Amino acid sequence: MNIVPQLILNSIIAGSIIAFLAVSFNLIYGATRFFNMAHGTIAIFGGYIAFFFFKTLGWNMYLSAILGILAAGLLGYIFDRIIYLPLRKRKASGMIMLVASIGVFTALQSLIQIFFTSEFQTLSDISVHDRLYTIFGATITQTQIYILIMAFIVAICLIIFLKYTIFGKAVKAISDDEEVAKIVGINTNKIIGLSFFIGSGIAAIGGIAVGFDTGLNPTMGMKLLLHGISAAIIGGVGSVYGAFIGAFVLTFVANFSIFWISGEWQEAVAFVLLIIFLIFRPRGIIKR
Amino acid sequence: MNYTVYYIVHLLTMFSIYAILGVSLNLVVGYTGLVSVTQAAFYGIGAYATALIAKTAGFGFFSSMLIGVIVAGLIGLLIGLVLSKFRDDYYVIVTVGFNIIAYGIFMNWHSLTRGPLGIVAVPRPKIDFLGLHLDFNNNLLFLALVLVFLALIYFLARFIAKSSFGRVLKAIREDEKAIQVFGYNAFYFKLAIFVISAGMAAVAGSFFASYLRFTSPNTFVLMESVLILSMIILGGLANLKGSLLGAFILVLLPELMRFVGFPNEIAAEMRQIVYGVILVLLMIYKPSGIMGEYKL
């Protein structure tokens, strides 16, 4: 049996999920210039909120997903207001912001563990059979097709949004030089707050997608984030377009590595790829 | 021993193990200014190396520990070489990655580590020397031994910090380019301190495995590295007494919460939440910690 078509399909699906994280990580990084270590856990938080409304309360699936996205976006925004904004006002270094975000990650992950336990929770409905499609001998579920389409729509919308709106131009100005942006009259704190909201919301789509695809687990956030950051770096930090490409490069390499090493080392393979990129091409595929 | 004494001895032993970890990490984060979040990986390497060698090769505790330190040092050397290419955010993310990979190895290399089952019946140290017979199955004696090693490591770290070597490290932290102009090769200094720190963390790992007579991957997760980092930031970076204080506070804190009456499974999570909140509050209000001489 030829497994190549299935591997390609798996890579595309995993890539779509990582793309949500990579793209949104780059959006926030572009505005704030620090590595937000809580980003992956915020994505998972969105997934769990959707899980709560959909599974625990039995609400409509689409409504639950939207609530999950909004809740994560709001949480990202709140963290910016109560933690990162005061730090920016004190002119804190990037490392201080990063360590603070590690604190946020620690607390948030444990909070999720208290409310939802550390067991795997799945968003997909086991009683309703997911429709399967076959392409060149590879199978894909209907849910996975939705995830794939969503990833493309979100990435395209975000790229257009950043390119043609005042918001996008303001983010670019802030990422070039926050002080100058402030001087020319950009309300930098408002723009950064907004990018936290949008970025966390997009990450949550990734979290919800994971919930439908493989199931949620509180510690998964950091792994998702590492993949997201790897993809963002491979594509080119700060570039939304690059992050999208990087996500697929990463998952294709990780998936196809099973020809050489067994599956449980995919994590390590993805990480080695990141290090190779960091050493030999630190600015990524798409230079900014 | 009655229960209260047993309990206090246990807490002091855990404090000593974390104090060793804190002191070792402070050399890297506080003195050299490299924010490493992978100390739990070396802690784990020390624990596994000691457990495996003492059990399978039948070596004594101290020679197993020495081999553990060497193994951790060598792996630290390799990781340090990779890390020498990076700084700031990238440095952190690469160390986080290493911790996750190390955990993956403890978990997935079944033939060596027995995966999630862990390694059981790790022996305690024994001394049979010049008519001296000490059996460290007694927890009180074991505590004394860990304290001796904590003191050794503490004074070694203090010696390093106060030596000319330590002054170069601080200079690298403040301005790496400037110190290179003076002819110091920052690369070797950073690498050396990283290896030393890895070796010290392995000592803590050896004691941990031997103390519990058991080691499993779940002790060496990323959160453990975050905890050690929290300890030294709380106590104060670039201050070794601060690391002792930080370890003391963060080891005792969860016990206090237990007395307040949280059920056990929630208490573990509450503890993490408190660590996280402490880290955030420190960053906002007092990034230099209680007695720090350097802030990020």
# chains A, B, ... in the order shown; residues from 1 in each chain; ligands from 1
>>> select_by_dssp(residues="stretch 71-238 of chain A", states="alpha helix (DSSP H)", output="ChimeraX atom specification")
/A:71-79,85-89,94-116,142-164,166-176,178-183,188-213,220-235
>>> interface_residues(of="chain A", to="chain B", cutoff="9 Å", atoms="only C-alpha atoms", output="VMD selection string")
chain A and resid 34 to 35 37 83 to 84 86 to 87 90 92 to 111 113 to 114 223 226 229 264 to 265 267 to 268 271 274 to 275 278 to 279
>>> residues_around(residues="B:Phe149", least_positions_apart="6", cutoff="9 Å", atoms="only C-alpha atoms", output="VMD selection string")
chain B and resid 16 20 203
>>> write_last_selection(atoms="N, CA and C atoms", output="mmCIF file, in the first residue's frame")
data_model
loop_
_atom_site.group_PDB
_atom_site.id
_atom_site.type_symbol
_atom_site.label_atom_id
_atom_site.label_comp_id
_atom_site.auth_asym_id
_atom_site.auth_seq_id
_atom_site.Cartn_x
_atom_site.Cartn_y
_atom_site.Cartn_z
ATOM 1 N N SER B 16 16.467 20.957 50.061
ATOM 2 C CA SER B 16 17.879 20.871 49.694
ATOM 3 C C SER B 16 18.041 20.525 48.218
ATOM 4 N N ILE B 20 19.771 23.011 45.440
ATOM 5 C CA ILE B 20 20.871 22.676 44.517
ATOM 6 C C ILE B 20 20.489 23.093 43.103
ATOM 7 N N VAL B 203 23.392 16.330 40.048
ATOM 8 C CA VAL B 203 23.566 15.906 41.449
ATOM 9 C C VAL B 203 22.204 15.893 42.141
#
>>> closest_residue(among="B:Ala47, B:Leu25, B:Ala247, B:Ile79", to="B:Leu66", atoms="only C-alpha atoms")
B:Ala47
>>> closest_atom_pairs(of="stretch 2-79 of chain A", to="stretch 236-253 of chain A", cutoff="7 Å", atoms="only C-alpha atoms", output="Markdown table")
| residue | atom | partner | partner_atom | distance |
| --- | --- | --- | --- | --- |
| A:Ser11 | CA | A:Phe252 | CA | 5.0 |
| A:Ile12 | CA | A:Phe248 | CA | 6.5 |
| A:Ala14 | CA | A:Thr251 | CA | 6.2 |
| A:Gly15 | CA | A:Phe248 | CA | 4.5 |
| A:Ile18 | CA | A:Ala247 | CA | 5.6 |
| A:Ala19 | CA | A:Ala247 | CA | 5.1 |
| A:Ala22 | CA | A:Ala243 | CA | 5.3 |
| A:Val23 | CA | A:Val240 | CA | 5.1 |
| A:Asn26 | CA | A:Gly238 | CA | 4.8 |
| A:Leu27 | CA | A:Gly238 | CA | 6.7 |
| A:Tyr29 | CA | A:Gly238 | CA | 6.3 |
| A:Gly30 | CA | A:Gly238 | CA | 4.9 |
>>> residues_around(residues="B:Asp175", least_positions_apart="5", cutoff="12 Å", atoms="only C-alpha atoms", output="count of residues only")
10
>>> residues_around(residues="B:Ser197", least_positions_apart="2", cutoff="10 Å", atoms="only C-alpha atoms", output="mmCIF file with N, CA, C and O atoms, in the first residue's frame")
data_model
loop_
_atom_site.group_PDB
_atom_site.id
_atom_site.type_symbol
_atom_site.label_atom_id
_atom_site.label_comp_id
_atom_site.auth_asym_id
_atom_site.auth_seq_id
_atom_site.Cartn_x
_atom_site.Cartn_y
_atom_site.Cartn_z
ATOM 1 N N ILE B 20 19.771 23.011 45.440
ATOM 2 C CA ILE B 20 20.871 22.676 44.517
ATOM 3 C C ILE B 20 20.489 23.093 43.103
ATOM 4 O O ILE B 20 21.266 23.718 42.387
ATOM 5 N N LEU B 21 19.243 22.767 42.714
ATOM 6 C CA LEU B 21 18.789 23.128 41.365
ATOM 7 C C LEU B 21 18.794 24.642 41.185
ATOM 8 O O LEU B 21 19.220 25.163 40.147
ATOM 9 N N GLY B 22 18.312 25.351 42.194
ATOM 10 C CA GLY B 22 18.241 26.805 42.101
ATOM 11 C C GLY B 22 19.621 27.431 41.976
ATOM 12 O O GLY B 22 19.860 28.263 41.104
ATOM 13 N N VAL B 23 20.544 26.985 42.839
ATOM 14 C CA VAL B 23 21.907 27.526 42.790
ATOM 15 C C VAL B 23 22.516 27.269 41.414
ATOM 16 O O VAL B 23 23.119 28.157 40.803
ATOM 17 N N SER B 24 22.315 26.042 40.900
ATOM 18 C CA SER B 24 22.917 25.710 39.607
ATOM 19 C C SER B 24 22.327 26.584 38.497
ATOM 20 O O SER B 24 23.056 27.073 37.641
ATOM 21 N N LEU B 25 21.021 26.790 38.543
ATOM 22 C CA LEU B 25 20.401 27.581 37.477
ATOM 23 C C LEU B 25 20.773 29.056 37.590
ATOM 24 O O LEU B 25 20.925 29.755 36.588
ATOM 25 N N ASN B 26 20.951 29.510 38.817
ATOM 26 C CA ASN B 26 21.283 30.924 39.023
ATOM 27 C C ASN B 26 22.606 31.294 38.356
ATOM 28 O O ASN B 26 22.789 32.416 37.881
ATOM 29 N N LEU B 27 23.538 30.334 38.316
ATOM 30 C CA LEU B 27 24.814 30.613 37.660
ATOM 31 C C LEU B 27 24.588 30.991 36.195
ATOM 32 O O LEU B 27 25.257 31.863 35.660
ATOM 33 N N VAL B 28 23.625 30.321 35.564
ATOM 34 C CA VAL B 28 23.370 30.563 34.148
ATOM 35 C C VAL B 28 22.472 31.785 33.948
ATOM 36 O O VAL B 28 22.787 32.683 33.166
ATOM 37 N N GLN B 39 16.335 23.318 32.981
ATOM 38 C CA GLN B 39 17.071 22.704 34.080
ATOM 39 C C GLN B 39 16.497 21.340 34.456
ATOM 40 O O GLN B 39 17.241 20.450 34.843
ATOM 41 N N PHE B 42 18.260 18.330 32.814
ATOM 42 C CA PHE B 42 19.512 17.852 33.412
ATOM 43 C C PHE B 42 19.241 17.169 34.753
ATOM 44 O O PHE B 42 19.904 16.187 35.104
ATOM 45 N N ALA B 72 25.391 14.253 32.189
ATOM 46 C CA ALA B 72 24.663 15.527 32.092
ATOM 47 C C ALA B 72 25.583 16.623 31.556
ATOM 48 O O ALA B 72 25.176 17.445 30.733
ATOM 49 N N GLY B 73 26.842 16.600 32.003
ATOM 50 C CA GLY B 73 27.792 17.602 31.520
ATOM 51 C C GLY B 73 28.014 17.490 30.019
ATOM 52 O O GLY B 73 28.046 18.487 29.307
ATOM 53 N N GLY B 76 24.984 18.598 28.327
ATOM 54 C CA GLY B 76 24.983 20.052 28.477
ATOM 55 C C GLY B 76 25.929 20.713 27.490
ATOM 56 O O GLY B 76 25.634 21.775 26.943
ATOM 57 N N ALA B 157 29.651 27.203 43.851
ATOM 58 C CA ALA B 157 29.007 28.247 43.055
ATOM 59 C C ALA B 157 29.471 29.629 43.513
ATOM 60 O O ALA B 157 29.720 30.520 42.695
ATOM 61 N N LEU B 191 29.637 28.560 27.514
ATOM 62 C CA LEU B 191 29.572 27.112 27.390
ATOM 63 C C LEU B 191 29.992 26.459 28.711
ATOM 64 O O LEU B 191 29.339 25.543 29.216
ATOM 65 N N ALA B 192 31.081 26.948 29.282
ATOM 66 C CA ALA B 192 31.607 26.355 30.517
ATOM 67 C C ALA B 192 30.574 26.443 31.632
ATOM 68 O O ALA B 192 30.308 25.441 32.322
ATOM 69 N N ILE B 193 29.959 27.595 31.818
ATOM 70 C CA ILE B 193 29.029 27.739 32.933
ATOM 71 C C ILE B 193 27.784 26.895 32.697
ATOM 72 O O ILE B 193 27.207 26.343 33.639
ATOM 73 N N PHE B 194 27.404 26.746 31.438
ATOM 74 C CA PHE B 194 26.231 25.916 31.138
ATOM 75 C C PHE B 194 26.504 24.461 31.506
ATOM 76 O O PHE B 194 25.657 23.776 32.094
ATOM 77 N N VAL B 195 27.713 23.985 31.172
ATOM 78 C CA VAL B 195 28.081 22.601 31.480
ATOM 79 C C VAL B 195 28.156 22.400 32.996
ATOM 80 O O VAL B 195 27.654 21.414 33.532
ATOM 81 N N GLY B 199 25.859 19.830 35.272
ATOM 82 C CA GLY B 199 26.417 18.831 36.177
ATOM 83 C C GLY B 199 25.848 18.960 37.582
ATOM 84 O O GLY B 199 25.507 17.968 38.229
ATOM 85 N N MET B 200 25.723 20.203 38.063
ATOM 86 C CA MET B 200 25.168 20.426 39.404
ATOM 87 C C MET B 200 23.714 19.958 39.470
ATOM 88 O O MET B 200 23.288 19.331 40.453
ATOM 89 N N ALA B 201 22.958 20.248 38.409
ATOM 90 C CA ALA B 201 21.551 19.826 38.391
ATOM 91 C C ALA B 201 21.463 18.309 38.442
ATOM 92 O O ALA B 201 20.545 17.747 39.053
ATOM 93 N N ALA B 202 22.425 17.636 37.804
ATOM 94 C CA ALA B 202 22.417 16.170 37.808
ATOM 95 C C ALA B 202 22.607 15.625 39.227
ATOM 96 O O ALA B 202 22.050 14.587 39.576
#
>>> residues_around(residues="A:Ile66", least_positions_apart="6", cutoff="12 Å", atoms="only C-alpha atoms", output="list of chain:residue names")
A:Gly46, A:Gly47, A:Ile49, A:Ala50, A:Phe51, A:Phe53, A:Phe54, A:Trp59, A:Asn60, A:Ala72, A:Gly73, A:Gly201, A:Ile202, A:Ala204, A:Ile205, A:Ile208
>>> write_last_selection(atoms="N, CA, C and O atoms", output="mmCIF file, in the first residue's frame")
data_model
loop_
_atom_site.group_PDB
_atom_site.id
_atom_site.type_symbol
_atom_site.label_atom_id
_atom_site.label_comp_id
_atom_site.auth_asym_id
_atom_site.auth_seq_id
_atom_site.Cartn_x
_atom_site.Cartn_y
_atom_site.Cartn_z
ATOM 1 N N GLY A 46 -9.563 28.414 24.320
ATOM 2 C CA GLY A 46 -10.685 28.602 23.391
ATOM 3 C C GLY A 46 -11.345 27.277 23.060
ATOM 4 O O GLY A 46 -12.576 27.168 23.031
ATOM 5 N N GLY A 47 -10.522 26.260 22.833
ATOM 6 C CA GLY A 47 -11.049 24.934 22.542
ATOM 7 C C GLY A 47 -11.900 24.412 23.690
ATOM 8 O O GLY A 47 -12.978 23.855 23.485
ATOM 9 N N ILE A 49 -13.462 26.194 26.015
ATOM 10 C CA ILE A 49 -14.702 26.959 26.162
ATOM 11 C C ILE A 49 -15.745 26.446 25.168
ATOM 12 O O ILE A 49 -16.918 26.234 25.507
ATOM 13 N N ALA A 50 -15.278 26.192 23.942
ATOM 14 C CA ALA A 50 -16.193 25.620 22.944
ATOM 15 C C ALA A 50 -16.702 24.266 23.432
ATOM 16 O O ALA A 50 -17.891 23.954 23.317
ATOM 17 N N PHE A 51 -15.787 23.481 24.010
ATOM 18 C CA PHE A 51 -16.152 22.169 24.559
ATOM 19 C C PHE A 51 -17.227 22.319 25.629
ATOM 20 O O PHE A 51 -18.215 21.584 25.653
ATOM 21 N N PHE A 53 -19.502 24.730 26.113
ATOM 22 C CA PHE A 53 -20.834 25.073 25.608
ATOM 23 C C PHE A 53 -21.432 23.948 24.773
ATOM 24 O O PHE A 53 -22.612 23.645 24.867
ATOM 25 N N PHE A 54 -20.570 23.327 23.957
ATOM 26 C CA PHE A 54 -21.066 22.324 23.012
ATOM 27 C C PHE A 54 -21.382 21.002 23.724
ATOM 28 O O PHE A 54 -22.481 20.454 23.589
ATOM 29 N N TRP A 59 -25.107 23.131 23.614
ATOM 30 C CA TRP A 59 -25.533 24.192 22.701
ATOM 31 C C TRP A 59 -25.153 23.838 21.275
ATOM 32 O O TRP A 59 -24.472 22.859 21.008
ATOM 33 N N ASN A 60 -25.596 24.714 20.369
ATOM 34 C CA ASN A 60 -25.285 24.540 18.954
ATOM 35 C C ASN A 60 -23.775 24.571 18.720
ATOM 36 O O ASN A 60 -23.052 25.355 19.331
ATOM 37 N N ALA A 72 -11.475 33.358 23.986
ATOM 38 C CA ALA A 72 -10.011 33.361 23.923
ATOM 39 C C ALA A 72 -9.503 34.752 23.536
ATOM 40 O O ALA A 72 -8.538 35.257 24.115
ATOM 41 N N GLY A 73 -10.186 35.361 22.559
ATOM 42 C CA GLY A 73 -9.792 36.706 22.152
ATOM 43 C C GLY A 73 -9.868 37.675 23.317
ATOM 44 O O GLY A 73 -8.946 38.458 23.571
ATOM 45 N N GLY A 201 -7.951 35.131 19.226
ATOM 46 C CA GLY A 201 -9.138 34.534 18.612
ATOM 47 C C GLY A 201 -8.758 33.556 17.512
ATOM 48 O O GLY A 201 -9.288 32.448 17.440
ATOM 49 N N ILE A 202 -7.811 33.970 16.659
ATOM 50 C CA ILE A 202 -7.384 33.078 15.569
ATOM 51 C C ILE A 202 -6.723 31.828 16.142
ATOM 52 O O ILE A 202 -6.969 30.714 15.680
ATOM 53 N N ALA A 204 -7.418 30.448 18.864
ATOM 54 C CA ALA A 204 -8.478 29.603 19.403
ATOM 55 C C ALA A 204 -9.122 28.750 18.312
ATOM 56 O O ALA A 204 -9.546 27.622 18.583
ATOM 57 N N ILE A 205 -9.186 29.268 17.076
ATOM 58 C CA ILE A 205 -9.718 28.428 15.986
ATOM 59 C C ILE A 205 -8.852 27.178 15.877
ATOM 60 O O ILE A 205 -9.347 26.065 15.709
ATOM 61 N N ILE A 208 -9.732 24.871 18.745
ATOM 62 C CA ILE A 208 -11.000 24.170 18.491
ATOM 63 C C ILE A 208 -10.803 23.083 17.442
ATOM 64 O O ILE A 208 -11.313 21.966 17.567
#
>>> select_by_dssp(residues="stretch 47-240 of chain A", states="strand (DSSP E or B)", output="PyMOL selection string")
chain A and resi 121+132-135+138-141+216
>>> write_last_selection(atoms="C-alpha atoms", output="short mmCIF file (atom, residue, chain, number, x, y, z; two decimals), in the first residue's frame")
data_model
loop_
_atom_site.label_atom_id
_atom_site.label_comp_id
_atom_site.auth_asym_id
_atom_site.auth_seq_id
_atom_site.Cartn_x
_atom_site.Cartn_y
_atom_site.Cartn_z
CA GLN A 121 -11.58 15.59 25.83
CA LEU A 132 -15.09 10.05 4.98
CA TYR A 133 -13.78 11.04 1.59
CA THR A 134 -11.12 9.21 -0.39
CA ILE A 135 -8.60 11.02 -2.57
CA ALA A 138 -5.99 8.61 1.17
CA THR A 139 -8.89 9.28 3.50
CA ILE A 140 -9.96 12.60 4.92
CA THR A 141 -12.89 13.35 7.21
CA LEU A 216 -7.89 18.42 23.82
#
>>> residues_around(residues="stretch 176-192 of chain A", least_positions_apart="5", cutoff="7 Å", atoms="only C-alpha atoms", output="PDB file with N, CA, C and O atoms, in the first residue's frame")
ATOM      1  N   ALA A  31       3.347  43.114  16.683  1.00  0.00           N
ATOM      2  CA  ALA A  31       2.943  44.317  17.410  1.00  0.00           C
ATOM      3  C   ALA A  31       3.721  44.505  18.703  1.00  0.00           C
ATOM      4  O   ALA A  31       3.960  45.628  19.125  1.00  0.00           O
ATOM      5  N   THR A  32       4.113  43.400  19.364  1.00  0.00           N
ATOM      6  CA  THR A  32       4.677  43.545  20.713  1.00  0.00           C
ATOM      7  C   THR A  32       6.161  43.241  20.805  1.00  0.00           C
ATOM      8  O   THR A  32       6.803  43.591  21.796  1.00  0.00           O
ATOM      9  N   PHE A 167      -5.643  49.524  10.418  1.00  0.00           N
ATOM     10  CA  PHE A 167      -5.134  48.674  11.496  1.00  0.00           C
ATOM     11  C   PHE A 167      -3.845  47.970  11.066  1.00  0.00           C
ATOM     12  O   PHE A 167      -2.848  47.974  11.777  1.00  0.00           O
ATOM     13  N   ALA A 170      -1.029  50.316  10.892  1.00  0.00           N
ATOM     14  CA  ALA A 170      -0.604  50.722  12.234  1.00  0.00           C
ATOM     15  C   ALA A 170       0.247  49.621  12.875  1.00  0.00           C
ATOM     16  O   ALA A 170       1.281  49.912  13.481  1.00  0.00           O
ATOM     17  N   VAL A 171      -0.166  48.352  12.710  1.00  0.00           N
ATOM     18  CA  VAL A 171       0.619  47.245  13.266  1.00  0.00           C
ATOM     19  C   VAL A 171       2.022  47.252  12.675  1.00  0.00           C
ATOM     20  O   VAL A 171       3.025  47.094  13.379  1.00  0.00           O
TER      21      VAL A 171
END
>>> atom_distance(atom1="atom CA of B:Pro217", atom2="atom CA of B:Tyr43")
10.9 Å
>>> atom_distance(atom1="atom CA of B:Ala238", atom2="atom CA of B:Leu150")
17.5 Å
>>> atom_distance(atom1="atom CA of B:Lys177", atom2="atom CA of B:Ile196")
23.3 Å
